[in-house]
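Some notes on the structure that comes next.
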Amino acid sequence: QVRLVESGGGSVQAGASLRLSCAAPGFTPNIYSMGWFRQAPGEKREGVAAIDSDGRTNYADSVKGRFTISHENAEDALVLQMYSLKPEDTAKYYCASLRGSTLRNGGRWDDARQYNYWGKGTQVTVSS
């Protein structure tokens, strides 16, 4: 059974850092695109960052310069390193994946409908 398992969430003060990890055994980086999404209560799920199967990275404007997405091959994991956290970053963060490129057929990296593998999420709470 395919599984993505997130970890690393928590409650922090504004300005702090967190490192989210998504265990993704079998999700070979040059075959699968992978991304992080988040959803706050009452809000739509939004794309945070993604690495396409061709290695290109994309970030939401709201996190550019503060978050970094990467593959940690030694751990078979997708990592989201978050710096300078803000209260508006508070949300449940989900790891997602699909086989192939998110950009095929004019797709968008932040279109959640393209992703067919999802983890259960990890909560990030940032207080001011």
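Going through the structure tokens in order, the chains are called A, B, and so on, while each chain numbers its residues from 1 and the ligands are numbered from 1 in the order shown.
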
Would you list the contacts of Ser127 (chain A) as a CSV table (one decimal) with N, CA, C and O atoms, in the first residue's frame, taking every protein, DNA or RNA residue within 9 Å and counting only C-alpha atoms, but skipping same-chain residues closer than 2 positions in sequence?
```csv
chain,number,residue,atom,x,y,z
A,11,SER,N,3.8,23.5,17.6
A,11,SER,CA,3.4,24.9,18.0
A,11,SER,C,4.6,25.7,18.3
A,11,SER,O,5.4,25.3,19.1
A,12,VAL,N,4.8,26.8,17.6
A,12,VAL,CA,5.9,27.7,17.7
A,12,VAL,C,5.5,29.1,17.8
A,12,VAL,O,4.4,29.5,17.4
A,13,GLN,N,6.5,30.0,18.2
A,13,GLN,CA,6.3,31.4,18.1
A,13,GLN,C,6.6,32.0,16.8
A,13,GLN,O,7.4,31.4,16.0
A,14,ALA,N,6.0,33.1,16.4
A,14,ALA,CA,6.4,33.8,15.2
A,14,ALA,C,7.9,34.0,15.1
A,14,ALA,O,8.5,34.4,16.1
A,86,LYS,N,5.2,32.7,10.3
A,86,LYS,CA,4.2,33.7,10.6
A,86,LYS,C,2.9,33.1,11.1
A,86,LYS,O,2.6,32.0,10.7
A,87,PRO,N,2.1,33.8,11.9
A,87,PRO,CA,0.8,33.3,12.3
A,87,PRO,C,0.0,32.8,11.1
A,87,PRO,O,-0.8,31.8,11.2
A,90,THR,N,-0.1,29.1,9.9
A,90,THR,CA,-0.9,28.1,10.7
A,90,THR,C,-1.8,27.4,9.8
A,90,THR,O,-2.7,28.0,9.2
A,125,THR,N,1.2,25.2,14.1
A,125,THR,CA,0.5,26.4,14.7
A,125,THR,C,1.6,27.4,15.1
A,125,THR,O,2.6,27.1,15.8
```

Please extract the residues of region 18-77 of chain A with a backbone DSSP assignment of strand (DSSP E or B) and present them as a ChimeraX atom specification.
/A:18-23,32-39,46-51,57-59,67-72,77

Dump as a JSON list (two decimals), in the first residue's frame, selection limited to C-alpha atoms:
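New file result-v2.json:
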```json
[["chain", "number", "residue", "atom", "x", "y", "z"],
["A", 18, "LEU", "CA", 10.26, 24.08, 11.66],
["A", 19, "ARG", "CA", 11.31, 21.18, 9.46],
["A", 20, "LEU", "CA", 8.54, 19.03, 8.04],
["A", 21, "SER", "CA", 9.37, 15.63, 6.68],
["A", 22, "CYS", "CA", 7.32, 13.28, 4.52],
["A", 23, "ALA", "CA", 8.40, 9.66, 4.50],
["A", 32, "TYR", "CA", 7.19, 11.27, -9.12],
["A", 33, "SER", "CA", 6.41, 14.92, -8.56],
["A", 34, "MET", "CA", 5.91, 15.76, -4.91],
["A", 35, "GLY", "CA", 4.56, 18.72, -3.07],
["A", 36, "TRP", "CA", 3.38, 20.26, 0.17],
["A", 37, "PHE", "CA", -0.10, 21.68, 0.57],
["A", 38, "ARG", "CA", -1.73, 23.29, 3.58],
["A", 39, "GLN", "CA", -5.24, 23.92, 4.75],
["A", 46, "GLU", "CA", -3.42, 25.62, -1.10],
["A", 47, "GLY", "CA", -0.13, 24.65, -2.64],
["A", 48, "VAL", "CA", 2.92, 25.62, -0.63],
["A", 49, "ALA", "CA", 5.81, 24.17, -2.61],
["A", 50, "ALA", "CA", 6.54, 21.36, -5.01],
["A", 51, "ILE", "CA", 9.37, 19.54, -6.75],
["A", 57, "THR", "CA", 10.83, 23.65, -7.75],
["A", 58, "ASN", "CA", 7.88, 25.96, -7.30],
["A", 59, "TYR", "CA", 6.74, 27.99, -4.32],
["A", 67, "PHE", "CA", 10.52, 27.93, 2.86],
["A", 68, "THR", "CA", 12.71, 25.43, 1.04],
["A", 69, "ILE", "CA", 11.55, 22.11, -0.41],
["A", 70, "SER", "CA", 14.01, 19.30, -1.03],
["A", 71, "HIS", "CA", 14.42, 15.57, -1.36],
["A", 72, "GLU", "CA", 16.43, 13.87, 1.33],
["A", 77, "ALA", "CA", 11.83, 11.70, 2.35]]
```

Among the residues A:Val63, A:Ser128, A:Asn30, A:Asp52, the one that comes closest to Arg104 (chain A) [using only C-alpha atoms]
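Distance minimum relative to Arg104 (chain A) lands on A:Asp52.
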
Report, in Å to a single decimal, how far apart CA of Ala40 (chain A) and CA of Tyr117 (chain A) are.
20.0 Å

With only C-alpha atoms counted and 12 Å as the cut-off, give the residues of region 58-110 of chain A in contact with region 2-8 of chain A, each with its shortest interatomic distance in Å and the pair that gives it, as CSV.
```
residue,atom,partner,partner_atom,distance
A:Asp76,CA,A:Leu4,CA,10.6
A:Ala77,CA,A:Leu4,CA,9.2
A:Leu78,CA,A:Glu6,CA,9.0
A:Val79,CA,A:Glu6,CA,9.4
A:Leu80,CA,A:Gly8,CA,9.5
A:Gln81,CA,A:Gly8,CA,10.0
A:Met82,CA,A:Gly8,CA,10.7
A:Lys92,CA,A:Glu6,CA,10.4
A:Tyr93,CA,A:Glu6,CA,8.2
A:Tyr94,CA,A:Glu6,CA,7.1
A:Cys95,CA,A:Glu6,CA,6.6
A:Ala96,CA,A:Leu4,CA,7.5
A:Ser97,CA,A:Leu4,CA,8.6
A:Leu98,CA,A:Val2,CA,11.4
```
